[in-house]
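Student: You'll find structure-v5.tsv just under this line, and it carries TSV, C-alpha atoms and all ligand atoms.
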chain	number	residue	atom	x	y	z
E	509	MET	CA	10.29	-17.34	-20.65
E	510	LYS	CA	12.24	-14.73	-22.58
E	511	VAL	CA	15.90	-14.72	-21.51
E	512	ILE	CA	17.93	-11.59	-22.25
E	513	ILE	CA	21.68	-11.85	-21.65
E	514	LEU	CA	23.48	-8.50	-21.51
E	515	PRO	CA	27.16	-7.65	-20.96
E	516	ASP	CA	26.93	-6.21	-17.45
E	517	ALA	CA	24.77	-5.06	-14.54
E	518	GLN	CA	24.43	-1.55	-15.96
E	519	ALA	CA	22.95	-2.86	-19.21
E	520	VAL	CA	20.57	-5.05	-17.18
E	521	ALA	CA	19.41	-1.99	-15.23
E	522	GLU	CA	18.86	0.05	-18.39
E	523	TYR	CA	16.83	-2.74	-19.94
E	524	ALA	CA	14.68	-3.15	-16.82
E	525	ALA	CA	14.16	0.61	-16.46
E	526	THR	CA	13.01	0.76	-20.07
E	527	GLN	CA	10.50	-2.05	-19.48
E	528	ILE	CA	9.09	-0.10	-16.52
E	529	GLN	CA	9.07	3.14	-18.50
E	530	GLN	CA	7.19	1.43	-21.35
E	531	GLN	CA	4.65	0.02	-18.89
E	532	ILE	CA	4.01	3.49	-17.43
E	533	ALA	CA	3.77	4.94	-20.96
E	534	ARG	CA	1.05	2.36	-21.72
E	535	ARG	CA	-0.81	3.20	-18.53
E	536	ALA	CA	0.04	6.20	-16.35
E	537	ASP	CA	-1.68	4.63	-13.33
E	538	SER	CA	0.17	1.33	-13.62
E	539	VAL	CA	0.46	-0.96	-10.64
E	540	LEU	CA	4.08	-2.03	-10.17
E	541	GLY	CA	5.39	-4.82	-7.99
E	542	LEU	CA	8.80	-3.84	-6.61
E	543	ALA	CA	11.72	-5.69	-5.08
E	544	THR	CA	14.54	-4.90	-2.68
E	545	GLY	CA	18.09	-6.29	-2.56
E	546	SER	CA	21.19	-4.97	-4.27
E	547	THR	CA	20.24	-6.17	-7.76
E	548	PRO	CA	17.45	-3.63	-8.52
E	549	LEU	CA	19.46	-0.69	-7.13
E	550	HIS	CA	20.92	0.23	-10.54
E	551	THR	CA	17.45	0.00	-12.06
E	552	TYR	CA	16.10	2.39	-9.44
E	553	ALA	CA	18.99	4.78	-10.12
E	554	GLN	CA	18.05	4.68	-13.81
E	555	LEU	CA	14.40	5.41	-13.04
E	556	ILE	CA	15.36	8.34	-10.80
E	557	GLU	CA	17.53	9.73	-13.58
E	558	ARG	CA	14.72	9.39	-16.14
E	559	VAL	CA	12.27	11.17	-13.80
E	560	ARG	CA	14.86	13.91	-13.29
E	561	ARG	CA	15.18	14.36	-17.06
E	562	GLY	CA	11.39	14.60	-17.40
E	563	LYS	CA	11.14	11.36	-19.40
E	564	LEU	CA	9.05	9.52	-16.84
E	565	SER	CA	6.51	10.29	-14.14
E	566	PHE	CA	5.25	8.15	-11.25
E	567	ARG	CA	2.52	10.66	-10.34
E	568	ALA	CA	-0.32	8.17	-10.82
E	569	VAL	CA	1.63	4.93	-10.26
E	570	ARG	CA	0.88	2.55	-7.39
E	571	THR	CA	3.49	0.15	-6.07
E	572	PHE	CA	3.42	-3.01	-3.97
E	573	ASN	CA	6.65	-4.34	-2.53
E	574	LEU	CA	7.22	-8.06	-2.37
E	575	ASP	CA	8.22	-8.39	1.24
E	576	GLU	CA	9.26	-6.94	4.59
E	577	TYR	CA	11.07	-8.17	7.70
E	578	LEU	CA	8.70	-9.12	10.48
E	579	GLY	CA	9.68	-7.19	13.61
E	580	LEU	CA	11.24	-4.15	11.93
E	581	ALA	CA	9.37	-0.86	12.09
E	582	ALA	CA	8.92	1.11	8.87
E	583	ASP	CA	11.47	3.69	10.04
E	584	HIS	CA	14.10	1.08	11.00
E	585	PRO	CA	17.12	1.70	8.76
E	586	GLN	CA	17.18	-1.94	7.58
E	587	SER	CA	13.46	-2.23	6.89
E	588	TYR	CA	12.49	-2.69	3.28
E	589	ARG	CA	10.20	0.35	3.63
E	590	SER	CA	13.28	2.44	4.51
E	591	PHE	CA	15.19	0.83	1.65
E	592	MET	CA	12.51	1.82	-0.85
E	593	ASP	CA	12.20	5.35	0.54
E	594	GLN	CA	15.95	5.82	0.46
E	595	HIS	CA	16.67	4.29	-2.95
E	596	LEU	CA	13.58	5.21	-4.94
E	597	PHE	CA	10.47	6.81	-3.48
E	598	SER	CA	12.05	9.92	-1.96
E	599	HIS	CA	13.70	10.75	-5.31
E	600	ILE	CA	10.69	10.43	-7.64
E	601	ASP	CA	7.32	12.13	-8.02
E	602	ILE	CA	5.30	9.27	-6.55
E	603	ASN	CA	2.51	9.87	-4.05
E	604	ARG	CA	3.74	8.12	-0.90
E	605	GLU	CA	0.20	6.98	-0.14
E	606	ASN	CA	0.34	4.93	-3.32
E	607	THR	CA	3.38	2.94	-2.13
E	608	TYR	CA	2.60	-0.25	-0.25
E	609	VAL	CA	5.10	-2.34	1.72
E	610	PRO	CA	3.91	-5.07	4.11
E	611	ASP	CA	3.78	-3.85	7.73
E	612	GLY	CA	6.55	-5.54	9.69
E	613	MET	CA	5.08	-4.33	12.99
E	614	ALA	CA	1.45	-5.31	12.40
E	615	THR	CA	-0.25	-6.33	15.65
E	616	ASP	CA	-1.98	-9.11	13.73
E	617	PRO	CA	0.49	-10.12	11.01
E	618	GLN	CA	-1.77	-12.79	9.53
E	619	GLN	CA	-4.53	-10.24	9.09
E	620	ALA	CA	-1.96	-7.86	7.58
E	621	CYS	CA	-1.09	-10.56	5.02
E	622	ALA	CA	-4.75	-11.05	4.08
E	623	ASP	CA	-5.23	-7.27	3.87
E	624	TYR	CA	-2.19	-6.97	1.59
E	625	GLU	CA	-3.74	-9.45	-0.83
E	626	LEU	CA	-6.99	-7.47	-0.75
E	627	ALA	CA	-5.15	-4.21	-1.41
E	628	ILE	CA	-3.44	-5.70	-4.48
E	629	ARG	CA	-6.78	-6.96	-5.74
E	630	ALA	CA	-8.47	-3.60	-5.06
E	631	ALA	CA	-5.76	-1.89	-7.12
E	632	GLY	CA	-6.68	-4.17	-10.04
E	633	GLY	CA	-3.71	-6.54	-9.72
E	634	ILE	CA	-0.07	-6.00	-10.61
E	635	ASP	CA	0.77	-4.96	-14.17
E	636	LEU	CA	4.53	-5.49	-13.93
E	637	GLN	CA	6.34	-7.30	-11.14
E	638	LEU	CA	10.07	-6.75	-10.74
E	639	LEU	CA	11.93	-9.63	-9.08
E	640	GLY	CA	15.43	-10.35	-7.87
E	641	LEU	CA	16.68	-13.87	-7.29
E	642	GLY	CA	18.09	-15.36	-4.11
E	643	ARG	CA	21.21	-17.53	-4.41
E	644	ASN	CA	19.02	-20.44	-3.32
E	645	GLY	CA	16.42	-19.66	-6.00
E	646	HIS	CA	14.04	-17.71	-3.77
E	647	ILE	CA	11.78	-14.95	-5.08
E	648	GLY	CA	10.51	-12.38	-2.59
E	649	PHE	CA	11.15	-14.35	0.59
E	650	ASN	CA	9.64	-17.54	-0.81
E	651	GLU	CA	12.39	-19.85	0.28
E	652	PRO	CA	12.97	-23.36	-1.16
E	653	SER	CA	10.06	-25.69	-0.25
E	654	SER	CA	7.55	-22.81	-0.38
E	655	SER	CA	4.22	-23.91	-1.78
E	656	LEU	CA	4.03	-22.95	-5.44
E	657	GLY	CA	0.46	-21.71	-4.92
E	658	SER	CA	1.19	-19.73	-1.74
E	659	ARG	CA	-0.31	-16.33	-0.93
E	660	THR	CA	1.07	-13.44	1.14
E	661	ARG	CA	2.11	-14.94	4.47
E	662	ILE	CA	4.77	-15.17	7.17
E	663	LYS	CA	7.89	-17.07	6.13
E	664	THR	CA	10.89	-18.17	8.15
E	665	LEU	CA	14.14	-17.28	6.41
E	666	THR	CA	16.68	-20.01	5.74
E	667	SER	CA	20.10	-19.74	7.34
E	668	ALA	CA	21.55	-19.20	3.84
E	669	THR	CA	19.34	-16.14	3.27
E	670	ILE	CA	20.03	-14.80	6.77
E	671	ALA	CA	23.76	-15.13	6.05
E	672	ASP	CA	23.41	-13.51	2.58
E	673	ASN	CA	21.54	-10.54	4.03
E	674	ALA	CA	23.74	-10.16	7.13
E	675	ARG	CA	25.87	-7.68	5.17
E	676	PHE	CA	23.09	-5.10	5.58
E	677	PHE	CA	23.08	-5.37	9.40
E	678	HIS	CA	25.71	-4.33	11.97
E	679	ALA	CA	27.23	-7.21	13.94
E	680	ASP	CA	25.40	-6.22	17.13
E	681	GLU	CA	22.10	-5.39	15.41
E	682	PHE	CA	18.92	-7.51	15.59
E	683	GLN	CA	18.48	-9.35	12.28
E	684	PRO	CA	14.99	-10.78	11.82
E	685	HIS	CA	14.52	-14.44	10.94
E	686	LEU	CA	10.92	-13.97	9.88
E	687	SER	CA	9.35	-12.06	7.02
E	688	ILE	CA	6.05	-11.20	5.43
E	689	THR	CA	6.21	-12.03	1.74
E	690	MET	CA	3.87	-12.12	-1.22
E	691	GLY	CA	3.31	-15.77	-2.04
E	692	ILE	CA	4.38	-17.50	-5.21
E	693	GLY	CA	0.72	-17.66	-6.26
E	694	THR	CA	0.46	-13.91	-5.65
E	695	ILE	CA	3.54	-13.23	-7.78
E	696	LEU	CA	2.29	-15.45	-10.62
E	697	GLU	CA	-0.87	-13.34	-10.93
E	698	ALA	CA	1.16	-10.33	-12.11
E	699	ARG	CA	0.42	-9.72	-15.79
E	700	GLN	CA	4.09	-9.26	-16.63
E	701	ILE	CA	7.20	-10.28	-14.68
E	702	THR	CA	10.77	-9.03	-15.07
E	703	LEU	CA	13.37	-10.97	-13.09
E	704	LEU	CA	16.86	-9.54	-12.73
E	705	ALA	CA	20.00	-11.44	-11.75
E	706	THR	CA	23.60	-10.31	-12.01
E	707	GLY	CA	26.97	-11.69	-10.99
E	708	GLU	CA	28.58	-15.09	-10.85
E	709	SER	CA	27.08	-15.96	-7.45
E	710	LYS	CA	23.63	-16.14	-9.06
E	711	ALA	CA	24.70	-18.47	-11.92
E	712	PRO	CA	23.60	-21.76	-10.25
E	713	ALA	CA	20.17	-20.34	-9.30
E	714	VAL	CA	19.75	-18.88	-12.80
E	715	GLN	CA	20.55	-22.28	-14.33
E	716	ALA	CA	18.09	-24.08	-12.03
E	717	MET	CA	15.38	-21.49	-12.69
E	718	ILE	CA	15.65	-21.65	-16.49
E	719	GLU	CA	16.84	-25.17	-17.27
E	720	GLY	CA	15.88	-27.13	-14.16
E	721	ALA	CA	12.68	-29.01	-13.41
E	722	ILE	CA	9.83	-26.97	-11.96
E	723	SER	CA	10.16	-27.61	-8.29
E	724	ALA	CA	9.65	-25.98	-4.91
E	725	ALA	CA	13.36	-26.70	-4.37
E	726	CYS	CA	13.94	-23.72	-6.68
E	727	PRO	CA	10.91	-21.44	-6.23
E	728	ALA	CA	11.88	-19.26	-9.22
E	729	SER	CA	11.54	-22.29	-11.55
E	730	ILE	CA	7.73	-21.90	-11.38
E	731	LEU	CA	8.19	-18.79	-13.54
E	732	GLN	CA	8.58	-21.23	-16.47
E	733	MET	CA	4.78	-21.58	-16.26
E	734	HIS	CA	4.06	-17.83	-16.52
E	735	PRO	CA	3.10	-16.57	-20.00
E	736	ASN	CA	4.90	-13.23	-19.82
E	737	VAL	CA	8.25	-13.41	-18.04
E	738	THR	CA	11.47	-11.71	-19.06
E	739	VAL	CA	14.63	-12.85	-17.31
E	740	VAL	CA	17.30	-10.17	-17.68
E	741	ILE	CA	20.77	-11.31	-16.67
E	742	ASP	CA	24.37	-10.35	-17.22
E	743	GLU	CA	27.00	-12.64	-18.72
E	744	ALA	CA	28.34	-13.61	-15.29
E	745	ALA	CA	24.94	-14.84	-14.12
E	746	ALA	CA	24.42	-16.67	-17.43
E	747	GLN	CA	27.65	-18.65	-17.32
E	748	GLN	CA	26.08	-21.99	-16.33
E	749	LEU	CA	23.41	-21.93	-19.06
M	1	LIG	C1	16.32	-10.71	-0.49
M	1	LIG	C2	14.98	-10.22	-1.02
M	1	LIG	C3	14.73	-10.73	-2.44
M	1	LIG	C4	15.95	-10.48	-3.29
M	1	LIG	C5	17.11	-11.27	-2.74
M	1	LIG	C6	18.39	-11.15	-3.55
M	1	LIG	O1	16.24	-11.93	0.12
M	1	LIG	N1	13.88	-10.60	-0.20
M	1	LIG	O2	13.57	-10.09	-2.97
M	1	LIG	O3	15.69	-10.86	-4.62
M	1	LIG	O4	17.36	-10.78	-1.42
M	1	LIG	O5	19.08	-10.02	-3.16
M	1	LIG	P1	20.31	-9.37	-3.91
M	1	LIG	O6	19.71	-8.67	-5.09
M	1	LIG	O7	20.91	-8.43	-2.93
M	1	LIG	O8	21.21	-10.47	-4.31
Output the file's structure in the form of structure tokens.
Ligand code: GLP
Tutor:
Amino acid sequence: MKVIILPDAQAVAEYAATQIQQQIARRADSVLGLATGSTPLHTYAQLIERVRRGKLSFRAVRTFNLDEYLGLAADHPQSYRSFMDQHLFSHIDINRENTYVPDGMATDPQQACADYELAIRAAGGIDLQLLGLGRNGHIGFNEPSSSLGSRTRIKTLTSATIADNARFFHADEFQPHLSITMGIGTILEARQITLLATGESKAPAVQAMIEGAISAACPASILQMHPNVTVVIDEAAAQQL
């Protein structure tokens, strides 16, 4: 596990954007694993800027998002599909057909999970997976106690995660308690992983992930076993190391 501690969230975003840019420079038709949440937003802004300046192109890139809320349609403002369209895809030269997000309205969600795994495999696997980190150590929506070998499946969100994400929903709006998420086993198959965490609220999870025992109690701790992980954090998130 390579741990990079940078002064602030902006520096974290620049570092992550450069890793993605280098991956695409190595292979124009790279397969990227992408994440939602507020942490990668600065990274996406950086990528948009680099595309705008002609330094980077997503023309041949394929992307797979980690997760989606079960019960939200793609065009629902709080769906992760909408999030990705709004914060990245609609601003870059990617072919929308090459962007995959689990289908939160699938009539057979279990089949949709199996199909998502097959689609990742058919694309040749993920070259670089971007991850955020939940305050409880989750990655994707793999909450504490998730099986460390799990595949894409339906997961119930913990009350802590529901509370953390409530800020994105209006008080009177339906907030799903279920999700479809890549499994921990799925994530570990990515050839390279970049995990981002910023801010003081992530410091305990960062400490458990890097210095704690490998345990389903902190799903991100399994990343200690992966041969090619870069954890990019700011000083605030590093303060308990
Ligand atoms: C959600 C997402 C995760 C993300 C986490 C942290 O639960 N499913 O992929 O890493 O939130 O979000 P934030 O970056 O907003 O702290």
Student: Which residues are near ligand LIG 1 (chain M) - at most 6 Å, using all atoms listed in the file? Format: as a list in words.
Tutor: Ala543, Thr544, Gly545, Ser546, Thr547, Leu639, Gly640, Leu641, Gly642, Ile647, Gly648 and Phe649 of chain E
Student: Taking all atoms listed in the file into account, name the residue in E:Glu651, E:Asp635, E:Glu697, E:Asp516 that is nearest to Ala668 of chain E.
Tutor: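 Looking at the shortest contact to Ala668 of chain E, the residue is E:Glu651.
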Student: Rounded to one decimal in Å, what is the spacing between atom CA of Ser653 of chain E and atom CA of Ile718 of chain E?
Tutor: 17.6 Å
Student: Which residue is closest to Gly645 of chain E? Choose from E:Pro727, E:Ile513, E:Thr607, E:His734 and count only C-alpha atoms.
Tutor: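 Residue with the minimum atom-to-atom distance to Gly645 of chain E: E:Pro727.
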Student: Smallest atom-to-atom distance to Arg643 of chain E: which of E:Gln531, E:Ser729, E:Ser709, E:Gln747, using only C-alpha atoms?
Tutor: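 Smallest distance to Arg643 of chain E is found for E:Ser709.
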Student: Please return as a VMD selection string every residue within 10 Å of (7.2, -3.0, 0.4), taking into account only C-alpha atoms and the file's own coordinates.
Tutor: chain E and resid 541 to 544 571 to 577 582 587 to 593 607 to 612 688 to 690
Student: Quote the spacing between atom CA of Leu514 of chain E and atom CA of Ala746 of chain E in Å to one decimal place.
Tutor: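 Between atom CA of Leu514 of chain E and atom CA of Ala746 of chain E the gap is 9.2 Å.
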Student: Please write as a count of residues only the list of polymer residues whose atoms come within 7 Å of (14.7, -16.5, 10.7), counting all atoms listed in the file and keeping to the coordinates of the file.
Tutor: 7
Student: What is the atom CA of Asp616 of chain E to atom CA of Phe597 of chain E distance in Å?
Tutor: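 Between atom CA of Asp616 of chain E and atom CA of Phe597 of chain E the gap works out to 26.5 Å.
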Student: Skipping near chain neighbours, those fewer than 6 positions away, what residues fall within 10 Å of Phe676 of chain E using all atoms listed in the file, listed as a PyMOL selection string?
Tutor: chain E and resi 545+585-586+683
Student: Counting all atoms listed in the file, which of E:Val539, E:Ala716, E:Asp742, E:Ala517 gets nearest to Gln637 of chain E?
Tutor: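 Comparing E:Val539, E:Ala716, E:Asp742, E:Ala517 against Gln637 of chain E, the winner is E:Val539.
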Student: How close does segment 611-705 of chain E get to segment 558-570 of chain E? List, as CSV, each residue of segment 611-705 of chain E within 12 Å, its nearest atom pair and the distance in Å to one decimal, counting only C-alpha atoms.
Tutor:
residue,atom,partner,partner_atom,distance
E:Ala627,CA,E:Arg570,CA,10.9
E:Ile628,CA,E:Arg570,CA,9.8
E:Ala630,CA,E:Arg570,CA,11.4
E:Ala631,CA,E:Arg570,CA,8.0
E:Gly632,CA,E:Arg570,CA,10.5
E:Gly633,CA,E:Arg570,CA,10.4
E:Ile634,CA,E:Arg570,CA,9.2
E:Asp635,CA,E:Arg570,CA,10.1
E:Leu636,CA,E:Arg570,CA,11.0
E:Gln637,CA,E:Arg570,CA,11.9
Student: Restricting the calculation to only C-alpha atoms: of E:Thr738, E:Gln748, E:Asn606, E:Thr669, which residue gets closest to Leu704 of chain E?
Tutor: E:Thr738
Student: Using all atoms listed in the file, which of the listed residues (E:Asp601, E:Arg659, E:Leu596, E:Pro652) sits closest to Glu625 of chain E?
Tutor: E:Arg659
Student: Rebuild N, CA and C atoms on segment 541-566 of chain E, as a tab-separated table (two decimals), keeping the file's coordinate frame?
Tutor:
chain	number	residue	atom	x	y	z
E	541	GLY	N	4.91	-4.03	-9.11
E	541	GLY	CA	5.39	-4.82	-7.99
E	541	GLY	C	6.89	-4.57	-7.89
E	542	LEU	N	7.38	-4.20	-6.73
E	542	LEU	CA	8.80	-3.84	-6.61
E	542	LEU	C	9.55	-4.76	-5.66
E	543	ALA	N	10.86	-4.79	-5.84
E	543	ALA	CA	11.72	-5.69	-5.08
E	543	ALA	C	12.83	-4.91	-4.40
E	544	THR	N	13.38	-5.49	-3.35
E	544	THR	CA	14.54	-4.90	-2.68
E	544	THR	C	15.77	-5.76	-3.02
E	545	GLY	N	16.84	-5.57	-2.27
E	545	GLY	CA	18.09	-6.29	-2.56
E	545	GLY	C	19.00	-5.40	-3.38
E	546	SER	N	20.25	-5.84	-3.55
E	546	SER	CA	21.19	-4.97	-4.27
E	546	SER	C	20.96	-4.99	-5.77
E	547	THR	N	20.38	-6.06	-6.29
E	547	THR	CA	20.24	-6.17	-7.76
E	547	THR	C	19.42	-5.03	-8.37
E	548	PRO	N	18.22	-4.69	-7.85
E	548	PRO	CA	17.45	-3.63	-8.52
E	548	PRO	C	17.95	-2.21	-8.27
E	549	LEU	N	19.00	-2.05	-7.45
E	549	LEU	CA	19.46	-0.69	-7.13
E	549	LEU	C	19.83	0.12	-8.37
E	550	HIS	N	20.53	-0.50	-9.31
E	550	HIS	CA	20.92	0.23	-10.54
E	550	HIS	C	19.68	0.60	-11.36
E	551	THR	N	18.69	-0.29	-11.33
E	551	THR	CA	17.45	0.00	-12.06
E	551	THR	C	16.76	1.21	-11.44
E	552	TYR	N	16.73	1.25	-10.10
E	552	TYR	CA	16.10	2.39	-9.44
E	552	TYR	C	16.87	3.68	-9.74
E	553	ALA	N	18.18	3.59	-9.79
E	553	ALA	CA	18.99	4.78	-10.12
E	553	ALA	C	18.64	5.27	-11.53
E	554	GLN	N	18.45	4.34	-12.44
E	554	GLN	CA	18.05	4.68	-13.81
E	554	GLN	C	16.69	5.37	-13.83
E	555	LEU	N	15.76	4.83	-13.07
E	555	LEU	CA	14.40	5.41	-13.04
E	555	LEU	C	14.45	6.82	-12.48
E	556	ILE	N	15.24	7.01	-11.42
E	556	ILE	CA	15.36	8.34	-10.80
E	556	ILE	C	15.90	9.33	-11.84
E	557	GLU	N	16.91	8.88	-12.57
E	557	GLU	CA	17.53	9.73	-13.58
E	557	GLU	C	16.51	10.11	-14.68
E	558	ARG	N	15.71	9.13	-15.08
E	558	ARG	CA	14.72	9.39	-16.14
E	558	ARG	C	13.62	10.34	-15.65
E	559	VAL	N	13.26	10.23	-14.36
E	559	VAL	CA	12.27	11.17	-13.80
E	559	VAL	C	12.89	12.57	-13.79
E	560	ARG	N	14.15	12.63	-13.38
E	560	ARG	CA	14.86	13.91	-13.29
E	560	ARG	C	14.91	14.60	-14.66
E	561	ARG	N	15.09	13.79	-15.71
E	561	ARG	CA	15.18	14.36	-17.06
E	561	ARG	C	13.79	14.61	-17.69
E	562	GLY	N	12.74	14.34	-16.90
E	562	GLY	CA	11.39	14.60	-17.40
E	562	GLY	C	10.87	13.56	-18.37
E	563	LYS	N	11.54	12.40	-18.44
E	563	LYS	CA	11.14	11.36	-19.40
E	563	LYS	C	10.07	10.44	-18.81
E	564	LEU	N	9.86	10.52	-17.52
E	564	LEU	CA	9.05	9.52	-16.84
E	564	LEU	C	8.41	10.16	-15.61
E	565	SER	N	7.17	9.78	-15.35
E	565	SER	CA	6.51	10.29	-14.14
E	565	SER	C	5.79	9.15	-13.41
E	566	PHE	N	5.92	9.15	-12.09
E	566	PHE	CA	5.25	8.15	-11.25
E	566	PHE	C	4.03	8.75	-10.54
